[in-house]
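Enquirer: Quick one: this structure, given as structure tokens, is what I'll be asking you about.
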Amino acid sequence: MDTTPAKDERDAGRLTPADDRSTFTLHINGTAQTLTLDHRTTVLDALREHLGLTGAKKGCDHGQCGACTVLVDGRRANSCLLLAVAQQGSRITTVEGLAEGDRLHPLQEAFLERDALQCGYCTPGQICSAVGMIAESADGFPSHATPQEALADDGPVALGPDEIRERMSGNLCRCGAYPRIVEAIEDVAP
Amino acid sequence: MKPFAYQRPDSVAEAVRMNAERPDARFLGGGTNLVDLMKLGVESPGLLIDVSGLPLDQVTATDEGGLRIGATVRNSDLAAHRAVRDRYPVLSQALLAGASGQLRNAATTGGNLLQRTRCPYFQDTSKPCNKRTPGTGCPAREGVHRDLAVLGHSEDCVATHPSDMAVALAALDATVHLHGPEGERAVPVTELHRLPGDDPGRDTVLRPGELITEVVLPPAPGGSASLYRKARDRASYAFALASVAAVLTVRDGRVQQASLAFGGLAHRPWRARAAEDVLRGAPATEETFARAADAELAAARPLRDNGFKVTLARRLTVGALKELTARAG
């Protein structure tokens with residue numbers, strides 16, 4: 001995709017060609033990638049259109065569906081709302097970076113085992129979100145579903161079906177594979 | 001989206017100076033609302049000043065026993081913070097009732113306060129909207145307004161403020177600290193957001209170029225309990241149809257102190273002072289709670305399709321106050 005703005009798109013005199021792009025390094029799945037990108041480029045578009053990493057999907061492109069979920073410094077985020085230029089220095093992990101060689105991540109295995117998908121379009125986002133979500137729970141981050149009495153505790157939050165459904169609400173599945181997705185995550189959650 | 005320049009300042013002073021030089025600049029925090037509005041064409045800044053890396057990411061105790069929350073503290077970190085969970089549970093609950101896990105990880109405290117309305121006409125540049133383009137009219141008044149305001153709206157605008165966090169901060173009497181070209185100042189969070197009146201383009205009293213640097217909470221009232229209740233169209237990941245933040249102190253069956261704010265009902269978090277006046281000193285009973293809710297909601301002017309919000313707000317208020325009273329009992 002050519003994201004070079006057409007000349008007439010620039011407000012005359014407001015921006016020079018040097019102002020609307022930058023050269024910077026992104027750290028993706030353990031590899032440093034130096035790119036020159038228009039500032040408008042999101043992390044999602046950088047991955048898909050400039051780095052050939054098409055695992056993260058473009059669903060709504062407005063942060064509402066979660067198909068673009070990646071991990072930024074280990075925390076899940078909607079890559080469609082992150083400007084690539086603002087992510088210099090952060091470590092980004094996509095679904096392509098979860099497996100170790102031919103050995104799939106336990107969540108990838110569980111999604112296969114439980115048949116937790118139909119069309120599969122939301123799956124990379126679901127899996128990245130689940131990886132981040134399990135880490136958040138292990139770190140003691142509460143959710144809307146966490147019982148009042150558990151809020152006093154700093155320890156890991158137990159992940160039953162209600163916690164999983166609440167914490168995964170930012171990932172939509174229009175095929176409606178939710179019951180299997182919850183089961184797959186339960187299989188892996190401690 | 002229009003092309004834009006990007007800068008990453010090292011200090012608040014530099015950020016404010018960069019902004020002062022460029023009227024078309026916007027501060028970028030987590031970007032969860034601003035980047036979306038840029039994609040929609042609602043916002044088209046010529047310069048983004050990325051403040052997410054400024055040293056404003058700490059939550060610290062104040063000398064008075066309150067909390068100082070940096071403007072770039074992420075919503076998920078604030079909700080999980082030990083002092084917030086222990087002393088200001090209403091704030092933790094409000095944050096966790098909003099958005100999704102992904103969005104809370106990115107969204108900042110300052111950005112949450114400054115997010116724009118989700119009124120469908122505001123977000124659609126093919127439609128008239130007095131907030132987006134002054135003087136073009138408000139189709140929501142006769143159009144799709146089920147989710148919009150019942151309190152404090154005007155002929156020109158019936159938008160609601162979408163934040164849950166801000167509702168809790170309003171009930172907690174938080175103060176917002178600002179740095180701008182003319183110096184520093186502090187504004188009570190209840191006075192940060194405006195009512196639309198005949199100038200709905202301005203959501204807040206922020207002056208051009210001002211940056212939110214921190215939000216300060218006073219000490220939690222001794223013996224108080226607090227909670228946030230939110231009604232929405234689905235169980236998770238939806239904006240409030242109506243919500244209430246309540247801070248209550250009950251002793252010997254009477255209300256000593258009460259602080260209430262509504263969300264989802266108005267152009268700003270709605271501090272319910274008429275309800276508080278009814279509550280203070282009154283018996284902590286369901287009858288009192290209903291009378292308090294009615295005293296506040298008497299000012300409601302529902303539109304054709306959103307009168308249900310008034311009933312919802314009344315029931316949320318009574319339910320929240322009953323639960324807090326039961327805990328005190």
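Chain lettering (A, B, ...) mirrors the order of the structure tokens, residue numbering begins at 1 for each chain separately, and ligand numbering begins at 1 in order of display.
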Contacts from chain B to chain A, 9 Å maximum, only C-alpha atoms: show me the residue list as a ChimeraX atom specification.

Expert: /B:1-6,8,30-36,39,46-47,50,52,76-77,79-82,85-86,92-106,235-237

Enquirer: Take the selection from the previous step and output its residues with C-alpha atoms, as a short mmCIF file (atom, residue, chain, number, x, y, z; two decimals), in the first residue's frame.

Expert:
```cif
data_model
loop_
_atom_site.label_atom_id
_atom_site.label_comp_id
_atom_site.auth_asym_id
_atom_site.auth_seq_id
_atom_site.Cartn_x
_atom_site.Cartn_y
_atom_site.Cartn_z
CA MET B 1 -6.85 10.79 7.24
CA LYS B 2 -4.87 13.95 6.57
CA PRO B 3 -1.05 13.88 6.82
CA PHE B 4 0.42 15.22 10.05
CA ALA B 5 3.73 15.91 11.74
CA TYR B 6 4.73 14.04 14.89
CA ARG B 8 7.78 13.56 21.09
CA GLY B 30 -3.12 6.44 24.27
CA GLY B 31 -4.83 7.47 21.04
CA THR B 32 -7.81 5.19 21.57
CA ASN B 33 -10.27 8.02 20.83
CA LEU B 34 -8.14 10.58 18.93
CA VAL B 35 -6.75 8.14 16.33
CA ASP B 36 -10.26 6.79 15.79
CA LYS B 39 -9.79 7.95 10.82
CA GLY B 46 -1.49 19.02 11.51
CA LEU B 47 0.78 18.01 14.38
CA ASP B 50 2.96 12.58 21.81
CA SER B 52 2.50 9.39 26.42
CA SER B 76 -5.84 -0.66 33.63
CA ASP B 77 -2.99 0.31 35.96
CA ALA B 79 -7.97 0.34 38.27
CA ALA B 80 -5.53 -2.23 39.69
CA HIS B 81 -3.62 0.19 41.94
CA ARG B 82 -3.69 -1.00 45.53
CA ARG B 85 -8.86 -0.53 45.20
CA ASP B 86 -8.64 -0.04 48.98
CA SER B 92 -11.55 1.13 40.30
CA GLN B 93 -15.03 -0.21 39.54
CA ALA B 94 -15.86 2.62 37.13
CA LEU B 95 -12.64 2.03 35.18
CA LEU B 96 -13.26 -1.71 34.99
CA ALA B 97 -16.84 -1.13 33.82
CA GLY B 98 -15.56 0.79 30.80
CA ALA B 99 -14.17 -0.25 27.41
CA SER B 100 -12.23 -3.52 26.91
CA GLY B 101 -9.02 -4.98 28.31
CA GLN B 102 -7.11 -3.84 25.22
CA LEU B 103 -8.44 -0.28 25.37
CA ARG B 104 -7.88 0.09 29.13
CA ASN B 105 -4.23 -0.94 28.62
CA ALA B 106 -3.74 1.95 26.18
CA ALA B 235 -23.04 -7.31 29.89
CA SER B 236 -19.62 -5.96 28.97
CA TYR B 237 -17.86 -3.54 26.64
#
```

Enquirer: Give the strand (DSSP E) residues of range 40-164 of chain A, as assigned by DSSP on the backbone, as a list in words.

Expert: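 Taking range 40-164 of chain A and keeping strand (DSSP E) gives Thr69, Val70, Leu71, Val72, Arg75, Arg76, Ala77, Asn78, Arg91, Ile92 and Thr93 of chain A.
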
Enquirer: Could the residues in this selection be saved with N, CA and C atoms as an mmCIF file, in the first residue's frame?

Expert:
```cif
data_model
loop_
_atom_site.group_PDB
_atom_site.id
_atom_site.type_symbol
_atom_site.label_atom_id
_atom_site.label_comp_id
_atom_site.auth_asym_id
_atom_site.auth_seq_id
_atom_site.Cartn_x
_atom_site.Cartn_y
_atom_site.Cartn_z
ATOM 1 N N THR A 69 -5.663 -7.499 17.673
ATOM 2 C CA THR A 69 -4.953 -7.494 18.960
ATOM 3 C C THR A 69 -3.534 -8.058 18.840
ATOM 4 N N VAL A 70 -2.582 -7.301 19.378
ATOM 5 C CA VAL A 70 -1.186 -7.757 19.498
ATOM 6 C C VAL A 70 -0.744 -7.477 20.934
ATOM 7 N N LEU A 71 0.448 -7.929 21.275
ATOM 8 C CA LEU A 71 1.001 -7.647 22.600
ATOM 9 C C LEU A 71 2.067 -6.564 22.463
ATOM 10 N N VAL A 72 1.955 -5.526 23.265
ATOM 11 C CA VAL A 72 2.934 -4.442 23.284
ATOM 12 C C VAL A 72 3.585 -4.460 24.662
ATOM 13 N N ARG A 75 1.627 -6.535 26.950
ATOM 14 C CA ARG A 75 0.230 -6.197 27.252
ATOM 15 C C ARG A 75 -0.567 -6.093 25.962
ATOM 16 N N ARG A 76 -1.792 -6.588 25.995
ATOM 17 C CA ARG A 76 -2.583 -6.600 24.755
ATOM 18 C C ARG A 76 -3.086 -5.207 24.407
ATOM 19 N N ALA A 77 -3.146 -4.943 23.109
ATOM 20 C CA ALA A 77 -3.604 -3.647 22.622
ATOM 21 C C ALA A 77 -4.205 -3.832 21.230
ATOM 22 N N ASN A 78 -5.074 -2.894 20.848
ATOM 23 C CA ASN A 78 -5.644 -2.886 19.500
ATOM 24 C C ASN A 78 -4.633 -2.221 18.568
ATOM 25 N N ARG A 91 8.256 -3.386 22.474
ATOM 26 C CA ARG A 91 8.436 -4.732 21.913
ATOM 27 C C ARG A 91 7.059 -5.285 21.563
ATOM 28 N N ILE A 92 6.859 -5.544 20.281
ATOM 29 C CA ILE A 92 5.544 -5.975 19.815
ATOM 30 C C ILE A 92 5.592 -7.464 19.468
ATOM 31 N N THR A 93 4.605 -8.184 19.959
ATOM 32 C CA THR A 93 4.495 -9.611 19.634
ATOM 33 C C THR A 93 3.176 -9.839 18.917
#
```

Enquirer: Assign secondary structure with DSSP using the backbone only, and return the residues of range 19-143 of chain A in helix (DSSP H, G or I) as a CSV table (one decimal) with N, CA and C atoms, in the first residue's frame.

Expert:
```csv
chain,number,residue,atom,x,y,z
A,43,VAL,N,0.2,0.5,13.6
A,43,VAL,CA,0.9,-0.7,13.8
A,43,VAL,C,0.4,-1.8,13.0
A,44,LEU,N,-1.0,-1.9,12.9
A,44,LEU,CA,-1.6,-2.9,12.1
A,44,LEU,C,-1.2,-2.8,10.6
A,45,ASP,N,-1.3,-1.6,10.1
A,45,ASP,CA,-0.9,-1.5,8.7
A,45,ASP,C,0.6,-1.7,8.5
A,46,ALA,N,1.4,-1.3,9.4
A,46,ALA,CA,2.8,-1.5,9.3
A,46,ALA,C,3.1,-3.0,9.2
A,47,LEU,N,2.4,-3.8,10.1
A,47,LEU,CA,2.6,-5.3,10.1
A,47,LEU,C,2.2,-5.9,8.8
A,48,ARG,N,1.0,-5.5,8.4
A,48,ARG,CA,0.3,-6.2,7.3
A,48,ARG,C,0.9,-5.8,5.9
A,49,GLU,N,1.1,-4.4,5.8
A,49,GLU,CA,1.4,-3.9,4.5
A,49,GLU,C,2.9,-3.7,4.3
A,50,HIS,N,3.6,-3.6,5.3
A,50,HIS,CA,5.1,-3.2,5.2
A,50,HIS,C,6.0,-4.4,5.6
A,79,SER,N,-4.0,-3.0,17.7
A,79,SER,CA,-3.0,-2.4,16.9
A,79,SER,C,-3.5,-1.4,15.8
A,80,CYS,N,-4.8,-1.5,15.6
A,80,CYS,CA,-5.4,-0.5,14.6
A,80,CYS,C,-5.5,0.9,15.2
A,81,LEU,N,-5.3,1.0,16.5
A,81,LEU,CA,-5.4,2.4,17.1
A,81,LEU,C,-4.1,2.9,17.5
A,84,ALA,N,2.2,3.7,14.4
A,84,ALA,CA,3.5,3.0,14.4
A,84,ALA,C,4.6,3.9,14.9
A,85,VAL,N,4.6,5.2,14.5
A,85,VAL,CA,5.6,6.1,14.9
A,85,VAL,C,5.7,6.3,16.4
A,86,ALA,N,4.6,6.0,17.1
A,86,ALA,CA,4.6,6.2,18.6
A,86,ALA,C,5.0,5.0,19.3
A,87,GLN,N,5.4,3.9,18.6
A,87,GLN,CA,5.7,2.7,19.2
A,87,GLN,C,7.2,2.3,19.1
A,95,VAL,N,0.7,-12.8,16.5
A,95,VAL,CA,0.4,-14.2,16.6
A,95,VAL,C,1.5,-15.0,16.0
A,96,GLU,N,2.3,-14.4,15.0
A,96,GLU,CA,3.4,-15.2,14.3
A,96,GLU,C,4.5,-15.4,15.3
A,97,GLY,N,4.6,-14.6,16.4
A,97,GLY,CA,5.7,-14.7,17.3
A,97,GLY,C,5.4,-15.6,18.5
A,106,PRO,N,0.7,-23.0,23.8
A,106,PRO,CA,-0.3,-23.8,24.4
A,106,PRO,C,-1.7,-23.3,24.1
A,107,LEU,N,-1.9,-22.0,23.9
A,107,LEU,CA,-3.2,-21.5,23.5
A,107,LEU,C,-3.6,-21.8,22.1
A,108,GLN,N,-2.6,-21.8,21.2
A,108,GLN,CA,-2.8,-22.2,19.8
A,108,GLN,C,-3.2,-23.7,19.8
A,109,GLU,N,-2.5,-24.5,20.6
A,109,GLU,CA,-2.9,-25.9,20.7
A,109,GLU,C,-4.3,-26.1,21.2
A,110,ALA,N,-4.6,-25.3,22.2
A,110,ALA,CA,-6.0,-25.5,22.8
A,110,ALA,C,-7.1,-25.1,21.9
A,111,PHE,N,-6.8,-24.0,21.1
A,111,PHE,CA,-7.8,-23.6,20.1
A,111,PHE,C,-8.1,-24.7,19.1
A,112,LEU,N,-7.0,-25.3,18.7
A,112,LEU,CA,-7.1,-26.5,17.7
A,112,LEU,C,-7.9,-27.6,18.4
A,113,GLU,N,-7.4,-28.0,19.6
A,113,GLU,CA,-8.0,-29.1,20.3
A,113,GLU,C,-9.5,-28.9,20.5
A,114,ARG,N,-9.9,-27.7,20.9
A,114,ARG,CA,-11.3,-27.4,21.2
A,114,ARG,C,-12.1,-27.0,20.0
A,123,THR,N,-9.4,-15.3,15.1
A,123,THR,CA,-8.6,-16.2,16.0
A,123,THR,C,-7.3,-15.6,16.4
A,124,PRO,N,-6.5,-15.0,15.5
A,124,PRO,CA,-5.2,-14.5,15.9
A,124,PRO,C,-5.4,-13.4,17.0
A,125,GLY,N,-6.4,-12.6,16.9
A,125,GLY,CA,-6.7,-11.6,17.9
A,125,GLY,C,-7.2,-12.2,19.2
A,126,GLN,N,-8.0,-13.3,19.1
A,126,GLN,CA,-8.5,-14.0,20.3
A,126,GLN,C,-7.3,-14.6,21.0
A,127,ILE,N,-6.4,-15.2,20.3
A,127,ILE,CA,-5.2,-15.9,20.9
A,127,ILE,C,-4.3,-14.9,21.6
A,128,CYS,N,-3.9,-13.8,20.9
A,128,CYS,CA,-3.1,-12.8,21.5
A,128,CYS,C,-3.7,-12.2,22.7
A,129,SER,N,-5.0,-11.9,22.6
A,129,SER,CA,-5.7,-11.3,23.7
A,129,SER,C,-5.7,-12.3,24.9
A,130,ALA,N,-5.9,-13.6,24.6
A,130,ALA,CA,-5.9,-14.5,25.7
A,130,ALA,C,-4.6,-14.6,26.4
A,131,VAL,N,-3.5,-14.6,25.6
A,131,VAL,CA,-2.1,-14.6,26.2
A,131,VAL,C,-2.0,-13.4,27.1
A,132,GLY,N,-2.4,-12.2,26.7
A,132,GLY,CA,-2.2,-11.0,27.5
A,132,GLY,C,-3.1,-11.1,28.7
A,133,MET,N,-4.3,-11.6,28.5
A,133,MET,CA,-5.3,-11.7,29.6
A,133,MET,C,-4.9,-12.6,30.7
A,134,ILE,N,-4.3,-13.8,30.3
A,134,ILE,CA,-3.9,-14.7,31.4
A,134,ILE,C,-2.7,-14.1,32.1
A,135,ALA,N,-1.8,-13.3,31.5
A,135,ALA,CA,-0.7,-12.6,32.2
A,135,ALA,C,-1.3,-11.6,33.1
A,136,GLU,N,-2.3,-10.8,32.7
A,136,GLU,CA,-2.9,-9.8,33.5
A,136,GLU,C,-3.5,-10.4,34.8
A,137,SER,N,-4.2,-11.5,34.6
A,137,SER,CA,-4.8,-12.2,35.8
A,137,SER,C,-3.7,-12.7,36.7
A,138,ALA,N,-2.7,-13.3,36.1
A,138,ALA,CA,-1.6,-13.8,37.0
A,138,ALA,C,-0.9,-12.6,37.8
```

Enquirer: Near Thr62 in chain B, within 9 Å and counting only C-alpha atoms, which residues show up once chain neighbours fewer than 4 positions away are dropped, as a list of chain:residue names?

Expert: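 Using only C-alpha atoms, the neighbours found are B:Gly66, B:Leu67, B:Arg68, B:Val216, B:Leu217, B:Pro218, B:Pro219.
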
Enquirer: Which residues come within 8 Å of range 137-150 of chain B, counting only C-alpha atoms, excluding same-chain residues fewer than 6 positions away, as a PyMOL selection string?

Expert: chain B and resi 119+121+127-130+156-160+241+264-267+300-307+309-310

Enquirer: Please produce an output containing N, CA and C atoms for each residue in the selection, written as a compact mmCIF listing (two decimals), in the first residue's frame.

Expert:
```txt
# COMPACT_ATOMS: atom_id res chain seq x y z
N CYS B 119 -21.99 10.25 20.31
CA CYS B 119 -23.20 10.58 19.55
C CYS B 119 -22.95 10.21 18.08
N TYR B 121 -24.16 11.19 15.33
CA TYR B 121 -24.11 12.32 14.38
C TYR B 121 -22.77 13.05 14.47
N LYS B 127 -23.11 13.99 8.31
CA LYS B 127 -24.32 14.50 8.97
C LYS B 127 -24.04 15.87 9.60
N PRO B 128 -25.08 16.71 9.71
CA PRO B 128 -24.90 17.95 10.45
C PRO B 128 -24.62 17.65 11.93
N CYS B 129 -23.91 18.53 12.59
CA CYS B 129 -23.68 18.40 14.05
C CYS B 129 -23.13 19.72 14.56
N ASN B 130 -23.85 20.32 15.51
CA ASN B 130 -23.40 21.60 16.06
C ASN B 130 -22.10 21.48 16.84
N ASP B 156 -29.26 23.08 20.97
CA ASP B 156 -28.17 22.87 20.02
C ASP B 156 -27.50 21.51 20.13
N CYS B 157 -27.62 20.84 21.29
CA CYS B 157 -26.84 19.61 21.48
C CYS B 157 -27.43 18.74 22.58
N VAL B 158 -27.56 17.45 22.28
CA VAL B 158 -28.07 16.49 23.27
C VAL B 158 -27.06 15.36 23.52
N ALA B 159 -25.79 15.66 23.26
CA ALA B 159 -24.73 14.66 23.43
C ALA B 159 -24.52 14.32 24.90
N THR B 160 -23.97 13.11 25.13
CA THR B 160 -23.56 12.72 26.49
C THR B 160 -22.05 12.58 26.53
N LEU B 241 -25.85 3.36 29.54
CA LEU B 241 -27.15 4.00 29.30
C LEU B 241 -27.39 4.96 30.46
N GLY B 264 -23.79 8.96 31.69
CA GLY B 264 -24.66 8.57 30.58
C GLY B 264 -25.90 9.41 30.43
N LEU B 265 -26.06 10.43 31.26
CA LEU B 265 -27.30 11.21 31.24
C LEU B 265 -27.12 12.62 30.71
N ALA B 266 -25.88 13.10 30.63
CA ALA B 266 -25.67 14.52 30.34
C ALA B 266 -24.35 14.76 29.61
N HIS B 267 -24.15 15.99 29.21
CA HIS B 267 -22.96 16.44 28.48
C HIS B 267 -21.73 16.42 29.36
N ALA B 300 -34.95 16.38 34.84
CA ALA B 300 -34.76 15.66 33.58
C ALA B 300 -35.76 16.13 32.53
N ARG B 301 -35.29 16.25 31.31
CA ARG B 301 -36.16 16.57 30.16
C ARG B 301 -35.88 15.54 29.07
N PRO B 302 -36.45 14.33 29.24
CA PRO B 302 -36.15 13.28 28.28
C PRO B 302 -36.62 13.62 26.88
N LEU B 303 -35.92 13.06 25.90
CA LEU B 303 -36.32 13.19 24.49
C LEU B 303 -37.34 12.08 24.18
N ARG B 304 -37.79 12.04 22.94
CA ARG B 304 -38.85 11.08 22.55
C ARG B 304 -38.54 9.64 22.98
N ASP B 305 -37.27 9.20 22.79
CA ASP B 305 -36.97 7.77 22.95
C ASP B 305 -36.04 7.45 24.12
N ASN B 306 -35.78 8.39 25.01
CA ASN B 306 -34.83 8.03 26.08
C ASN B 306 -35.36 8.27 27.49
N GLY B 307 -36.68 8.34 27.63
CA GLY B 307 -37.26 8.52 28.97
C GLY B 307 -36.93 7.37 29.91
N LYS B 309 -34.20 6.20 30.54
CA LYS B 309 -32.96 6.47 31.29
C LYS B 309 -33.25 7.08 32.66
N VAL B 310 -34.33 7.83 32.76
CA VAL B 310 -34.66 8.46 34.03
C VAL B 310 -35.04 7.37 35.05
```

Enquirer: Contacts of range 210-213 of chain B at 7 Å or less, counting only C-alpha atoms, minus same-chain residues fewer than 6 places along, as a list in words?

Expert: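 So the residues in contact are Val16, Leu56, Gly70, Ala71, Gly110, Val176, His177, Leu178, His179, Gly180 and Pro181 of chain B.
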
Enquirer: Do you have the CA of Ala20 in chain B-CA of Ala107 in chain B distance handy?

Expert: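 CA of Ala20 in chain B sits 24.3 Å away from CA of Ala107 in chain B.
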
Enquirer: Please list as JSON, numbers by chain every residue within 10 Å of Glu191 in chain B, counting only C-alpha atoms and excluding residues in the same chain fewer than 4 positions away.

Expert: {"B": [170, 175, 176, 187, 195, 204, 205, 268, 269, 271]}

Enquirer: Separation of CA of Ala32 in chain A and CA of Gly74 in chain A, in Å?

Expert: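 Computed distance, CA of Ala32 in chain A to CA of Gly74 in chain A, equals 16.5 Å.
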
Enquirer: Mind checking which residues fall within 10 Å of range 249-260 of chain B, counting only C-alpha atoms, ignoring those fewer than 4 positions away in the same chain, and posting them as a PDB file with C-alpha atoms, in the first residue's frame?

Expert:
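Just written: around.pdb:
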```pdb
ATOM      1  CA  VAL B 167     -18.256   9.984  36.922  1.00  0.00           C
ATOM      2  CA  ALA B 168     -16.355   8.386  39.785  1.00  0.00           C
ATOM      3  CA  ALA B 170     -16.850  13.726  40.080  1.00  0.00           C
ATOM      4  CA  ALA B 171     -18.299  11.885  43.087  1.00  0.00           C
ATOM      5  CA  LEU B 172     -14.830  11.857  44.696  1.00  0.00           C
ATOM      6  CA  ASP B 173     -14.305  15.638  44.344  1.00  0.00           C
ATOM      7  CA  PRO B 221     -14.029  10.419  53.811  1.00  0.00           C
ATOM      8  CA  GLY B 222     -13.525   8.379  57.007  1.00  0.00           C
ATOM      9  CA  GLY B 223     -15.991   5.522  57.387  1.00  0.00           C
ATOM     10  CA  SER B 224     -17.325   5.936  53.870  1.00  0.00           C
ATOM     11  CA  ALA B 225     -18.104   3.184  51.403  1.00  0.00           C
ATOM     12  CA  SER B 226     -18.327   3.682  47.668  1.00  0.00           C
ATOM     13  CA  TYR B 228     -20.182   2.305  40.836  1.00  0.00           C
ATOM     14  CA  VAL B 244     -24.179   6.121  39.231  1.00  0.00           C
ATOM     15  CA  ALA B 245     -21.105   6.672  41.384  1.00  0.00           C
ATOM     16  CA  TRP B 270     -23.652  14.914  36.539  1.00  0.00           C
ATOM     17  CA  ARG B 271     -22.939  15.643  40.175  1.00  0.00           C
ATOM     18  CA  ALA B 272     -26.281  15.143  41.939  1.00  0.00           C
ATOM     19  CA  ARG B 273     -26.227  17.872  44.589  1.00  0.00           C
ATOM     20  CA  ALA B 274     -30.015  18.080  44.968  1.00  0.00           C
ATOM     21  CA  ALA B 275     -30.054  14.376  45.810  1.00  0.00           C
ATOM     22  CA  GLU B 276     -27.169  14.826  48.248  1.00  0.00           C
ATOM     23  CA  ASP B 277     -29.112  17.587  50.057  1.00  0.00           C
ATOM     24  CA  VAL B 278     -32.028  15.201  50.589  1.00  0.00           C
ATOM     25  CA  LEU B 279     -29.728  12.417  51.798  1.00  0.00           C
ATOM     26  CA  ARG B 280     -27.619  14.341  54.279  1.00  0.00           C
ATOM     27  CA  GLY B 281     -28.934  13.744  57.812  1.00  0.00           C
ATOM     28  CA  ALA B 282     -31.906  11.681  56.639  1.00  0.00           C
ATOM     29  CA  PRO B 283     -32.692   8.097  57.698  1.00  0.00           C
ATOM     30  CA  ALA B 284     -30.792   5.646  55.480  1.00  0.00           C
ATOM     31  CA  THR B 285     -33.918   4.009  54.081  1.00  0.00           C
ATOM     32  CA  THR B 288     -35.101   8.450  51.492  1.00  0.00           C
ATOM     33  CA  ALA B 293     -33.164  10.337  43.260  1.00  0.00           C
ATOM     34  CA  THR B 317     -29.350   5.130  42.655  1.00  0.00           C
ATOM     35  CA  LEU B 321     -27.413   3.355  48.198  1.00  0.00           C
ATOM     36  CA  LEU B 324     -23.777   0.692  50.601  1.00  0.00           C
ATOM     37  CA  THR B 325     -26.109   0.978  53.608  1.00  0.00           C
ATOM     38  CA  ALA B 326     -26.259  -2.804  53.982  1.00  0.00           C
ATOM     39  CA  ARG B 327     -22.443  -2.880  54.028  1.00  0.00           C
ATOM     40  CA  ALA B 328     -22.340  -0.178  56.712  1.00  0.00           C
ATOM     41  CA  GLY B 329     -24.961  -2.065  58.772  1.00  0.00           C
TER      42      GLY B 329
END
```
